[in-house]
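The file model13.cif comes next; it holds mmCIF, C-alpha atoms.
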data_model
loop_
_atom_site.label_atom_id
_atom_site.label_comp_id
_atom_site.auth_asym_id
_atom_site.auth_seq_id
_atom_site.Cartn_x
_atom_site.Cartn_y
_atom_site.Cartn_z
CA MET A 1 107.84 104.88 114.93
CA SER A 2 108.24 101.11 115.13
CA ARG A 3 108.69 101.30 118.94
CA LEU A 4 105.58 103.47 119.24
CA LEU A 5 103.51 101.04 117.19
CA GLU A 6 104.77 98.12 119.29
CA ARG A 7 103.52 99.85 122.45
CA LEU A 8 100.18 100.32 120.71
CA GLY A 9 99.98 96.59 119.98
CA ASN A 10 101.00 96.95 116.33
CA PRO A 11 97.59 98.02 115.00
CA GLN A 12 99.01 98.19 111.46
CA ASN A 13 99.25 94.39 111.49
CA THR A 14 95.53 93.77 111.99
CA PHE A 15 94.50 94.14 108.35
CA LYS A 16 95.73 93.21 104.90
CA ALA A 17 97.07 96.28 103.08
CA VAL A 18 97.65 97.72 99.65
CA HIS A 19 100.54 100.18 99.99
CA ILE A 20 100.76 103.06 97.47
CA VAL A 21 103.81 105.23 96.82
CA GLY A 22 104.86 107.53 93.97
CA THR A 23 104.88 111.21 93.04
CA ASN A 24 101.60 111.86 91.22
CA GLY A 25 98.39 109.84 91.09
CA LYS A 26 98.60 108.07 94.46
CA GLY A 27 95.32 109.46 95.78
CA SER A 28 93.21 108.75 92.71
CA THR A 29 94.71 105.27 92.36
CA GLY A 30 93.95 104.58 96.01
CA ALA A 31 90.40 105.88 95.61
CA PHE A 32 89.80 103.39 92.78
CA ILE A 33 91.29 100.45 94.69
CA SER A 34 89.51 101.18 97.97
CA SER A 35 86.19 101.66 96.18
CA ILE A 36 86.53 98.27 94.47
CA LEU A 37 87.43 96.55 97.75
CA LYS A 38 84.45 98.18 99.47
CA GLU A 39 82.08 97.16 96.67
CA SER A 40 83.48 93.62 96.93
CA GLY A 41 82.21 93.39 100.51
CA TYR A 42 85.38 94.07 102.49
CA LYS A 43 85.35 96.57 105.33
CA THR A 44 87.90 98.98 103.92
CA CYS A 45 89.90 101.98 105.07
CA PHE A 46 91.69 104.47 102.85
CA TYR A 47 94.48 106.51 104.44
CA SER A 48 95.78 109.45 102.39
CA SER A 49 97.32 112.89 102.67
CA PRO A 50 97.07 115.78 102.62
CA HIS A 51 93.44 116.57 103.39
CA LEU A 52 91.44 119.33 101.71
CA GLU A 53 89.02 120.70 104.30
CA SER A 54 89.28 118.48 107.37
CA TYR A 55 91.84 116.12 108.91
CA SER A 56 89.07 113.55 109.11
CA GLU A 57 89.32 113.14 105.32
CA ARG A 58 92.68 111.41 105.78
CA LEU A 59 91.09 108.15 106.94
CA LEU A 60 87.91 107.01 105.22
CA ILE A 61 86.10 103.94 106.54
CA ASN A 62 84.05 102.40 103.73
CA GLY A 63 84.20 105.80 102.04
CA GLY A 64 82.99 107.78 105.08
CA LYS A 65 84.74 110.07 107.55
CA LEU A 66 84.99 109.38 111.26
CA SER A 67 83.94 111.91 113.87
CA LEU A 68 86.32 114.41 115.41
CA GLN A 69 85.77 112.67 118.75
CA ASP A 70 86.99 109.38 117.26
CA TRP A 71 90.22 111.10 116.22
CA ILE A 72 90.59 112.74 119.64
CA ASN A 73 90.19 109.38 121.37
CA ALA A 74 92.79 107.78 119.10
CA ALA A 75 95.18 110.70 119.64
CA LYS A 76 94.91 110.25 123.42
CA ILE A 77 95.83 106.57 123.06
CA VAL A 78 98.82 107.38 120.84
CA ILE A 79 100.09 110.28 122.98
CA GLN A 80 99.97 108.11 126.11
CA ALA A 81 102.19 105.57 124.36
CA ILE A 82 104.88 108.10 123.37
CA ARG A 83 108.11 108.02 125.36
CA GLU A 84 110.69 110.77 125.78
CA ASP A 85 113.16 109.26 123.33
CA ASP A 86 110.59 108.61 120.56
CA LYS A 87 110.29 112.14 119.08
CA PRO A 88 107.73 111.16 116.42
CA THR A 89 106.90 113.61 113.64
CA PHE A 90 103.42 115.00 113.21
CA PHE A 91 102.82 112.67 110.25
CA GLU A 92 103.98 109.67 112.29
CA ILE A 93 101.54 110.54 115.09
CA LEU A 94 98.73 110.98 112.57
CA THR A 95 99.60 107.66 110.91
CA ALA A 96 99.65 105.89 114.29
CA CYS A 97 96.20 107.34 115.03
CA ALA A 98 94.94 106.08 111.67
CA PHE A 99 96.24 102.58 112.37
CA VAL A 100 94.58 102.58 115.80
CA LEU A 101 91.29 103.69 114.24
CA ALA A 102 91.59 101.00 111.56
CA ARG A 103 91.99 98.35 114.27
CA GLU A 104 89.08 99.72 116.30
CA ASN A 105 86.85 99.62 113.22
CA ASN A 106 87.78 95.99 112.43
CA ILE A 107 89.16 96.82 109.01
CA GLN A 108 89.73 93.89 106.66
CA ALA A 109 91.41 95.74 103.78
CA GLY A 110 93.50 98.88 104.12
CA VAL A 111 94.57 101.07 101.21
CA ILE A 112 97.47 103.05 102.64
CA GLU A 113 99.04 105.97 100.79
CA ALA A 114 102.57 106.92 101.77
CA GLY A 115 103.47 110.44 102.82
CA LEU A 116 106.78 111.40 101.24
CA GLY A 117 107.28 107.74 100.36
CA GLY A 118 110.37 105.62 100.79
CA LYS A 119 111.67 102.99 103.13
CA PHE A 120 111.61 105.32 106.15
CA ASP A 121 108.05 106.54 105.58
CA ALA A 122 105.74 106.09 108.55
CA THR A 123 103.46 103.89 106.46
CA ASN A 124 106.21 101.42 105.58
CA LEU A 125 105.69 99.30 108.70
CA LEU A 126 102.75 97.29 107.40
CA ALA A 127 103.24 93.60 108.14
CA ASP A 128 100.68 92.12 105.73
CA THR A 129 101.11 93.94 102.43
CA ALA A 130 99.12 92.29 99.64
CA CYS A 131 100.95 94.43 97.09
CA SER A 132 103.02 97.57 96.68
CA VAL A 133 101.67 100.01 94.09
CA ILE A 134 104.10 102.55 92.64
CA ALA A 135 102.50 105.43 90.76
CA SER A 136 104.36 107.71 88.35
CA ILE A 137 107.67 109.05 89.64
CA SER A 138 108.96 112.56 88.96
CA PHE A 139 110.78 115.36 90.76
CA ASP A 140 109.24 116.38 94.09
CA HIS A 141 110.42 116.51 97.73
CA MET A 142 114.03 116.44 96.51
CA GLU A 143 115.26 117.78 99.86
CA TYR A 144 114.20 114.46 101.43
CA LEU A 145 114.34 111.92 98.59
CA GLY A 146 117.36 113.02 96.55
CA SER A 147 118.14 115.30 93.64
CA THR A 148 118.05 112.75 90.80
CA LEU A 149 115.14 110.76 89.42
CA GLU A 150 117.02 107.54 90.19
CA SER A 151 117.55 108.46 93.85
CA ILE A 152 113.88 109.40 94.23
CA ALA A 153 112.81 106.14 92.55
CA SER A 154 115.16 104.10 94.74
CA GLU A 155 113.39 105.46 97.82
CA LYS A 156 109.99 104.56 96.36
CA PHE A 157 111.04 101.09 95.16
CA ALA A 158 112.50 100.28 98.57
CA VAL A 159 108.99 99.63 99.96
CA MET A 160 108.56 96.45 97.89
CA LYS A 161 108.09 93.24 99.87
CA ALA A 162 109.56 89.81 99.18
CA ASP A 163 107.26 87.30 97.45
CA ARG A 164 104.59 89.97 97.02
CA PRO A 165 103.45 91.77 93.88
CA ALA A 166 104.96 95.18 93.14
CA ILE A 167 103.04 97.10 90.49
CA PHE A 168 104.86 100.02 88.80
CA SER A 169 103.12 102.39 86.41
CA GLY A 170 106.21 102.44 84.19
CA VAL A 171 106.38 106.25 84.30
CA ASP A 172 109.10 107.51 84.00
CA SER A 173 110.02 104.70 81.56
CA SER A 174 113.76 105.29 82.13
CA LEU A 175 113.22 103.83 85.62
CA ILE A 176 111.97 100.44 84.44
CA PRO A 177 115.43 98.76 84.51
CA LEU A 178 115.93 100.05 88.06
CA PHE A 179 112.51 98.69 89.05
CA LYS A 180 113.37 95.28 87.62
CA LYS A 181 116.65 95.30 89.52
CA PHE A 182 114.86 96.06 92.81
CA CYS A 183 112.36 93.27 92.12
CA GLU A 184 115.20 90.82 91.54
CA ASN A 185 117.11 91.90 94.65
CA ASN A 186 113.99 91.95 96.86
CA LYS A 187 112.47 88.80 95.32
CA SER A 188 109.33 90.81 94.60
CA LEU A 189 106.84 89.86 91.88
CA GLY A 190 107.16 92.76 89.47
CA PHE A 191 104.37 94.00 87.20
CA ILE A 192 104.98 96.94 84.84
CA VAL A 193 101.71 98.51 83.74
CA SER A 194 103.08 100.19 80.61
CA GLU A 195 104.43 96.83 79.37
CA GLN A 196 101.90 94.30 80.66
CA ALA A 197 98.50 96.05 80.67
CA GLU A 198 96.52 97.61 77.86
CA ILE A 199 93.74 100.20 77.66
CA ASN A 200 91.54 100.35 74.56
CA ASN A 201 88.42 102.13 73.28
CA ILE A 202 89.14 105.21 75.37
CA ARG A 203 86.62 108.03 75.59
CA VAL A 204 87.54 111.01 77.77
CA THR A 205 84.57 113.34 78.31
CA PRO A 206 83.51 116.00 80.84
CA GLU A 207 80.94 113.45 82.08
CA GLY A 208 83.51 110.74 82.78
CA ASN A 209 85.99 108.32 81.26
CA PHE A 210 85.16 105.11 79.39
CA PHE A 211 87.56 102.33 78.36
CA ASP A 212 88.38 98.61 78.11
CA PHE A 213 91.16 97.08 80.24
CA HIS A 214 93.25 94.02 79.52
CA ALA A 215 96.00 92.39 81.58
CA PRO A 216 97.17 88.78 81.94
CA LEU A 217 94.94 88.15 84.97
CA LEU A 218 92.01 90.49 84.24
CA GLU A 219 90.00 91.58 81.23
CA ILE A 220 87.09 93.96 81.64
CA LYS A 221 85.22 96.02 79.06
CA ASP A 222 83.11 99.17 79.13
CA VAL A 223 84.56 100.52 82.38
CA HIS A 224 83.09 103.90 83.36
CA THR A 225 84.64 106.26 85.91
CA ASN A 226 83.46 109.65 87.11
CA LEU A 227 87.02 110.88 87.64
CA ILE A 228 87.72 112.90 84.50
CA GLY A 229 90.87 113.73 82.55
CA GLN A 230 93.34 111.71 80.53
CA TYR A 231 95.63 111.22 83.52
CA GLN A 232 92.78 109.49 85.38
CA ILE A 233 92.79 106.85 82.65
CA ASN A 234 96.42 106.16 83.61
CA ASN A 235 95.53 106.04 87.31
CA ALA A 236 92.61 103.70 86.59
CA GLU A 237 94.92 101.42 84.59
CA LEU A 238 97.34 101.28 87.52
CA ALA A 239 94.53 100.55 89.98
CA LEU A 240 93.08 97.76 87.83
CA SER A 241 96.55 96.27 87.37
CA ALA A 242 96.85 96.15 91.17
CA ILE A 243 93.40 94.58 91.46
CA SER A 244 94.38 91.92 88.90
CA CYS A 245 97.36 90.98 91.09
CA ILE A 246 95.52 90.77 94.43
CA ARG A 247 92.38 88.85 93.52
CA GLU A 248 93.70 85.70 95.18
CA GLU A 249 94.25 87.68 98.41
CA PHE A 250 90.76 89.20 98.12
CA PRO A 251 88.63 86.45 96.52
CA LEU A 252 85.36 88.39 96.86
CA ILE A 253 86.46 90.74 94.06
CA SER A 254 84.28 90.12 91.01
CA GLN A 255 83.72 91.72 87.62
CA GLU A 256 80.55 93.32 89.00
CA SER A 257 82.28 94.78 92.06
CA ILE A 258 85.05 96.14 89.82
CA TYR A 259 82.48 97.92 87.63
CA ARG A 260 80.69 99.37 90.65
CA GLY A 261 83.91 100.36 92.41
CA MET A 262 85.32 102.17 89.40
CA LEU A 263 82.06 104.04 88.83
CA LYS A 264 81.61 105.08 92.47
CA ALA A 265 85.23 106.13 93.11
CA ALA A 266 85.50 109.79 94.08
CA TRP A 267 88.55 111.99 94.66
CA PRO A 268 87.77 115.69 95.16
CA GLY A 269 90.12 118.49 94.23
CA ARG A 270 91.59 116.75 91.20
CA LEU A 271 90.11 118.13 87.97
CA GLU A 272 86.90 118.49 89.96
CA ILE A 273 83.97 120.22 88.31
CA ILE A 274 82.56 122.02 91.33
CA SER A 275 80.14 124.06 89.21
CA ARG A 276 78.91 123.64 85.64
CA ASN A 277 77.17 127.02 85.39
CA PRO A 278 79.42 128.93 85.75
CA LEU A 279 82.03 126.32 84.80
CA ILE A 280 84.57 126.13 87.66
CA ILE A 281 87.30 123.49 87.84
CA LEU A 282 89.45 122.75 90.90
CA ASP A 283 92.78 120.96 90.63
CA GLY A 284 95.46 120.51 93.26
CA GLY A 285 98.32 119.67 90.89
CA HIS A 286 101.33 121.31 92.53
CA ASN A 287 104.40 120.06 90.64
CA TYR A 288 105.55 120.13 87.03
CA ASP A 289 104.11 116.77 85.99
CA GLY A 290 100.85 117.43 87.81
CA VAL A 291 100.33 120.74 86.00
CA LYS A 292 101.39 119.17 82.69
CA ASN A 293 98.66 116.54 83.13
CA LEU A 294 96.18 119.24 84.07
CA CYS A 295 96.93 121.32 80.96
CA GLU A 296 96.62 118.30 78.66
CA SER A 297 93.24 117.37 80.14
CA VAL A 298 91.81 120.91 80.03
CA LYS A 299 92.90 121.36 76.39
CA SER A 300 91.33 118.02 75.49
CA LEU A 301 88.05 118.45 77.36
CA TRP A 302 87.38 122.15 76.76
CA PRO A 303 89.36 123.09 73.63
CA ASP A 304 87.39 126.23 72.70
CA LYS A 305 86.87 127.78 76.12
CA LYS A 306 88.22 131.15 77.17
CA ILE A 307 90.09 130.30 80.37
CA SER A 308 90.92 132.25 83.50
CA VAL A 309 93.28 130.79 86.09
CA ILE A 310 93.41 131.60 89.78
CA TYR A 311 96.78 130.41 91.02
CA ALA A 312 98.53 129.99 94.37
CA ALA A 313 101.51 127.84 95.26
CA MET A 314 103.79 126.89 98.09
CA ARG A 315 107.09 128.78 98.07
CA ASP A 316 109.14 125.54 97.97
CA LYS A 317 107.53 124.31 94.75
CA ASP A 318 108.63 124.95 91.16
CA PHE A 319 105.91 127.49 90.52
CA ALA A 320 107.89 129.18 87.73
CA GLY A 321 107.95 125.92 85.76
CA CYS A 322 104.25 125.38 86.41
CA LEU A 323 103.40 128.92 85.30
CA GLU A 324 105.31 128.38 82.07
CA LEU A 325 103.18 125.29 81.36
CA LEU A 326 99.95 127.18 82.04
CA SER A 327 101.02 130.05 79.79
CA LYS A 328 102.16 127.96 76.83
CA ASN A 329 99.36 125.41 76.92
CA LEU A 330 96.26 127.34 77.97
CA ASN A 331 97.06 131.01 77.25
CA PRO A 332 94.75 132.05 80.09
CA SER A 333 94.04 135.24 81.93
CA ILE A 334 95.72 134.76 85.30
CA TYR A 335 95.06 136.02 88.82
CA PHE A 336 97.48 135.39 91.65
CA THR A 337 96.50 134.84 95.25
CA THR A 338 97.83 133.06 98.34
CA VAL A 339 96.64 130.65 101.03
CA PRO A 340 95.92 132.75 104.15
CA ASP A 341 97.61 131.78 107.42
CA THR A 342 100.02 129.45 105.59
CA PRO A 343 103.67 130.52 106.06
CA ARG A 344 104.85 128.18 103.28
CA ALA A 345 102.63 129.90 100.72
CA ALA A 346 104.21 132.20 98.15
CA THR A 347 102.86 135.74 98.12
CA PRO A 348 100.90 137.01 95.11
CA ASP A 349 103.78 139.40 94.38
CA GLU A 350 106.30 136.54 94.27
CA LEU A 351 104.10 134.67 91.82
CA PHE A 352 103.54 137.83 89.78
CA LYS A 353 107.29 138.40 89.42
CA ALA A 354 107.83 134.82 88.25
CA SER A 355 105.01 135.21 85.72
CA GLN A 356 106.59 138.13 83.90
CA LYS A 357 108.74 135.81 81.78
CA PHE A 358 105.62 134.39 80.14
CA SER A 359 102.70 135.69 78.07
CA TRP A 360 99.12 135.90 79.33
CA ALA A 361 95.77 136.91 77.91
CA ASN A 362 95.57 139.73 80.48
CA ASN A 363 97.80 141.87 82.61
CA PRO A 364 98.19 139.50 85.59
CA GLU A 365 96.51 140.73 88.78
CA CYS A 366 97.16 140.00 92.47
CA PHE A 367 94.69 139.35 95.28
CA ASP A 368 95.52 138.72 98.93
CA VAL A 369 92.08 137.16 99.47
CA PRO A 370 91.31 134.13 97.25
CA LEU A 371 87.55 134.75 97.28
CA ASN A 372 88.08 138.25 95.93
CA ALA A 373 90.08 136.78 93.05
CA ILE A 374 87.20 134.41 92.27
CA LYS A 375 84.58 137.16 92.33
CA HIS A 376 86.73 139.26 90.02
CA ALA A 377 87.57 136.45 87.59
CA LEU A 378 84.11 134.89 87.30
CA ASN A 379 82.89 137.40 84.74
CA ASN A 380 85.95 137.24 82.49
CA ASN A 381 85.94 133.68 81.16
CA ASP A 382 84.08 130.64 79.88
CA LEU A 383 85.99 128.40 82.31
CA LEU A 384 87.51 129.32 85.66
CA LEU A 385 90.39 127.05 86.68
CA ILE A 386 91.59 127.25 90.28
CA CYS A 387 94.88 125.42 90.73
CA GLY A 388 98.46 125.34 92.00
CA SER A 389 98.16 123.86 95.47
CA LEU A 390 95.95 121.43 97.35
CA TYR A 391 96.10 123.89 100.25
CA LEU A 392 94.45 126.51 98.03
CA ILE A 393 91.78 124.02 96.95
CA GLY A 394 91.05 123.00 100.53
CA TYR A 395 90.81 126.63 101.63
CA ILE A 396 88.59 127.85 98.81
CA ARG A 397 86.35 124.83 98.19
CA PRO A 398 83.81 125.51 100.97
CA GLN A 399 83.80 129.22 100.13
CA ILE A 400 82.89 128.49 96.52
CA ARG A 401 80.04 126.25 97.63
CA ASN A 402 78.78 129.04 99.86
CA LEU A 403 79.22 131.71 97.17
CA LEU A 404 77.31 129.71 94.56
CA GLN A 405 75.03 128.00 97.12
CA ILE A 406 76.25 124.55 96.11
CA HIS A 407 75.36 121.72 98.47
#
Show me this structure written as structure tokens.
Amino acid sequence: MSRLLERLGNPQNTFKAVHIVGTNGKGSTGAFISSILKESGYKTCFYSSPHLESYSERLLINGGKLSLQDWINAAKIVIQAIREDDKPTFFEILTACAFVLARENNIQAGVIEAGLGGKFDATNLLADTACSVIASISFDHMEYLGSTLESIASEKFAVMKADRPAIFSGVDSSLIPLFKKFCENNKSLGFIVSEQAEINNIRVTPEGNFFDFHAPLLEIKDVHTNLIGQYQINNAELALSAISCIREEFPLISQESIYRGMLKAAWPGRLEIISRNPLIILDGGHNYDGVKNLCESVKSLWPDKKISVIYAAMRDKDFAGCLELLSKNLNPSIYFTTVPDTPRAATPDELFKASQKFSWANNPECFDVPLNAIKHALNNNDLLLICGSLYLIGYIRPQIRNLLQIH
């Protein structure tokens, strides 16, 4: 990857970057940070993965998508630079394209989300990293990052840069000593959100979140975000902690641009209310901690609703653990489906078998076509929750808009 980027003229070195790694919350945290930088007057890009409906979602320039032709042109440039002995992965090619597009669009500030994360991630070749942001760390991608929480965290912490801020959410708290050790060894400027920042006057509502934020370098009251759910408070706290540490690097950031950026930040597919009548929620939480956060938010926001869940998952995820959380916390009716044309997706029958250990409000049903599951479940609930995989959300999101004529 480094040789490929050198042949491309090192486009990743043409902008100042905020690099985000972690297990859960990277995308929402990045959405907050990029929105603030944009509202502060910087030409900003936000690179993230995976996408929901289109690959063009993976690189947003000032919040907007580029054309397919722009991506094709960048891909041609990258492919021409590949040599026989390079053998880049698909994600590395995509990341190289994103860096080329960032250079061509004269980006000043780049918010770059890692893929799997770790020192060998394709995104970890940024030369001018204003700070490294480390979201919550839990078990995921163990086949690549290791089988213990410490080995996974070590991969994430390895992206920290010398003499630069490294902001860690502090979740899981057992990893804080390891984080401090990495900061000391790397001569990074460590900031632990759970120890050094504070959120007060929290209101979590279906219309948005409201809170006050306090950290050594930033105090701001009456913040309002449109990203809902308790876990988005945590992501907002991490984002604002990062902003507090990079204001010298980005001096145009002001209290006013922080307010605007937090309010305008958007991140679809994460506790997204796609319809209020009927009430339909989309959430791409696909691992144990993600589903735990989802359950806590749904119980808090809609405590008296009769819930139906449409669920699909990738075969390599801990869907049994996630189903147990849904059963114990929400006691929903449940309908299993799959993501068509996706070999990694578990079949409805596989999910059904795993579900038999747990109790449900109905006799679980299986549907090979997700839209059929939605049509069936719509009349049997106060709230329809579609969750389990971002691939499911990306597949079904446009179909729901068409079904309900949402624009």
*asked:* Expand the PyMOL selection byres ((chain A and resi 82) around 10) into the explicit residue set it covers here, and present it as a ChimeraX atom specification.
replied: /A:1,3-5,7-8,77-81,83-88,93
*Write out as number ranges by chain each polymer residue whose atoms come within 12 Å of Asp70 (chain A), counting all atoms listed in the file; drop sequence neighbours fewer than 5 positions from it.*
A: 55-56, 59, 65, 75-77, 97-98, 100-102, 104-105
*How many Å separate CA of Asn124 (chain A) from CA of Gly41 (chain A)?*
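According to the coordinates, CA of Asn124 (chain A) and CA of Gly41 (chain A) are separated by 25.8 Å.
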_Distance criterion (only C-alpha atoms): nearest to Ile202 (chain A) out of A:Arg397, A:His286, A:His19, A:His224_ =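 Closest to Ile202 (chain A) of all the choices is A:His224.
If you measure from each of A:Gln12, A:Asn186, A:Asn106, A:Ser138 to Ala122 (chain A) using all atoms listed in the file, the closest one turns out to be A:Gln12.
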Would you tabulate, counting all atoms listed in the file, all residues of region 146-252 of chain A that have an atom at most 8 Å from an atom of region 271-282 of chain A, showing the closest pair of atoms and their distance in Å to one decimal, sorted by chain then ascending number, as a tab-separated table?
residue	atom	partner	partner_atom	distance
A:Leu227	CA	A:Leu271	CA	7.9
A:Ile228	CA	A:Leu271	CA	6.7
A:Gly229	CA	A:Leu271	CA	7.0
_Between A:Ile334, A:Ala345, A:Ile167, A:Val193, which residue has the minimum interatomic distance to Tyr391 (chain A), considering only C-alpha atoms?_
A:Ala345
*Just say which residues the PyMOL selection byres ((chain A and resi 160) around 10) picks in this file, as a PyMOL selection string.*
chain A and resi 19+118-119+124+129+131-134+156-159+161-167+179+182-183+186-190
Please define a box with edges along x, y and z of the file around all atoms of region 111-117 of chain A given in the file, extend it by 6 Å on each side, and return its centre and edge lengths in Å to one decimal, as JSON.
{"center_x": 100.9, "center_y": 106.2, "center_z": 101.6, "size_x": 24.7, "size_y": 22.3, "size_z": 14.5}
Taking only residues of region 270-305 of chain A that have an atom at most 12 Å from an atom of region 50-54 of chain A, what is each one's shortest atom pair and its distance in Å to one decimal, using only C-alpha atoms, in chain and number order, as JSON lines?
{"residue": "A:Arg270", "atom": "CA", "partner": "A:Leu52", "partner_atom": "CA", "distance": 10.8}
{"residue": "A:Leu282", "atom": "CA", "partner": "A:Leu52", "partner_atom": "CA", "distance": 11.5}
{"residue": "A:Asp283", "atom": "CA", "partner": "A:Leu52", "partner_atom": "CA", "distance": 11.3}
{"residue": "A:Gly284", "atom": "CA", "partner": "A:Leu52", "partner_atom": "CA", "distance": 9.4}
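Of the residues listed (A:Ile36, A:Val291, A:Ile72, A:Ala31), A:Ile36 shows the shortest atom-to-atom separation from Glu256 (chain A); distances use only C-alpha atoms.
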_A:Ile310, A:Glu249, A:Asn293, A:Tyr42 ranked by distance to Asn235 (chain A), top pick (using only C-alpha atoms)_ =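 For Asn235 (chain A), the nearest of the given residues is A:Asn293.
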_d(CA of Cys45 (chain A), CA of Gly110 (chain A)) in Å_ = 4.8 Å
*To one decimal place, how far is CA of Cys295 (chain A) from CA of Pro332 (chain A) in Å?*
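So the two atoms, CA of Cys295 (chain A) and CA of Pro332 (chain A), lie 11.0 Å apart.
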*Could you give me, as a ChimeraX atom specification, the residues within 9 Å of Gln196 (chain A), counting all atoms listed in the file and dropping anything in the same chain fewer than 4 positions from it?*
/A:191-192,214-216,241
Could I get region 267-273 of chain A rebuilt with all heavy atoms, written as an mmCIF file, in the coordinates of the input?
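Result went into rebuild-v6.cif, see below:
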data_model
loop_
_atom_site.group_PDB
_atom_site.id
_atom_site.type_symbol
_atom_site.label_atom_id
_atom_site.label_comp_id
_atom_site.auth_asym_id
_atom_site.auth_seq_id
_atom_site.Cartn_x
_atom_site.Cartn_y
_atom_site.Cartn_z
ATOM 1 N N TRP A 267 87.308 111.412 94.146
ATOM 2 C CA TRP A 267 88.550 111.990 94.660
ATOM 3 C C TRP A 267 88.508 113.494 94.416
ATOM 4 O O TRP A 267 88.925 113.978 93.371
ATOM 5 C CB TRP A 267 89.753 111.325 94.005
ATOM 6 C CG TRP A 267 91.046 111.571 94.729
ATOM 7 C CD1 TRP A 267 92.199 112.059 94.213
ATOM 8 C CD2 TRP A 267 91.307 111.334 96.119
ATOM 9 N NE1 TRP A 267 93.175 112.137 95.191
ATOM 10 C CE2 TRP A 267 92.645 111.694 96.372
ATOM 11 C CE3 TRP A 267 90.527 110.848 97.181
ATOM 12 C CZ2 TRP A 267 93.217 111.592 97.651
ATOM 13 C CZ3 TRP A 267 91.106 110.749 98.441
ATOM 14 C CH2 TRP A 267 92.440 111.117 98.657
ATOM 15 N N PRO A 268 87.969 114.255 95.368
ATOM 16 C CA PRO A 268 87.770 115.690 95.160
ATOM 17 C C PRO A 268 89.070 116.471 95.040
ATOM 18 O O PRO A 268 90.116 116.058 95.541
ATOM 19 C CB PRO A 268 86.983 116.121 96.405
ATOM 20 C CG PRO A 268 87.282 115.088 97.440
ATOM 21 C CD PRO A 268 87.487 113.807 96.682
ATOM 22 N N GLY A 269 88.974 117.602 94.343
ATOM 23 C CA GLY A 269 90.120 118.490 94.230
ATOM 24 C C GLY A 269 91.076 118.139 93.120
ATOM 25 O O GLY A 269 92.119 118.779 92.968
ATOM 26 N N ARG A 270 90.752 117.132 92.329
ATOM 27 C CA ARG A 270 91.590 116.750 91.200
ATOM 28 C C ARG A 270 90.730 116.808 89.942
ATOM 29 O O ARG A 270 89.888 115.950 89.706
ATOM 30 C CB ARG A 270 92.157 115.337 91.372
ATOM 31 C CG ARG A 270 93.309 115.265 92.363
ATOM 32 C CD ARG A 270 92.835 115.364 93.781
ATOM 33 N NE ARG A 270 93.892 115.086 94.760
ATOM 34 C CZ ARG A 270 93.700 115.127 96.073
ATOM 35 N NH1 ARG A 270 92.521 115.469 96.576
ATOM 36 N NH2 ARG A 270 94.694 114.853 96.898
ATOM 37 N N LEU A 271 90.939 117.846 89.148
ATOM 38 C CA LEU A 271 90.110 118.130 87.970
ATOM 39 C C LEU A 271 88.632 117.977 88.345
ATOM 40 O O LEU A 271 87.858 117.327 87.650
ATOM 41 C CB LEU A 271 90.489 117.233 86.795
ATOM 42 C CG LEU A 271 90.238 117.842 85.413
ATOM 43 C CD1 LEU A 271 91.125 119.066 85.190
ATOM 44 C CD2 LEU A 271 90.488 116.829 84.307
ATOM 45 N N GLU A 272 88.265 118.593 89.447
ATOM 46 C CA GLU A 272 86.900 118.490 89.960
ATOM 47 C C GLU A 272 86.037 119.614 89.398
ATOM 48 O O GLU A 272 86.353 120.788 89.528
ATOM 49 C CB GLU A 272 86.911 118.570 91.491
ATOM 50 C CG GLU A 272 85.525 118.558 92.101
ATOM 51 C CD GLU A 272 85.537 118.805 93.599
ATOM 52 O OE1 GLU A 272 86.613 119.135 94.142
ATOM 53 O OE2 GLU A 272 84.465 118.686 94.231
ATOM 54 N N ILE A 273 84.945 119.228 88.777
ATOM 55 C CA ILE A 273 83.970 120.220 88.310
ATOM 56 C C ILE A 273 83.078 120.551 89.505
ATOM 57 O O ILE A 273 82.158 119.805 89.838
ATOM 58 C CB ILE A 273 83.142 119.687 87.134
ATOM 59 C CG1 ILE A 273 84.046 119.279 85.972
ATOM 60 C CG2 ILE A 273 82.138 120.743 86.667
ATOM 61 C CD1 ILE A 273 83.310 118.624 84.816
#
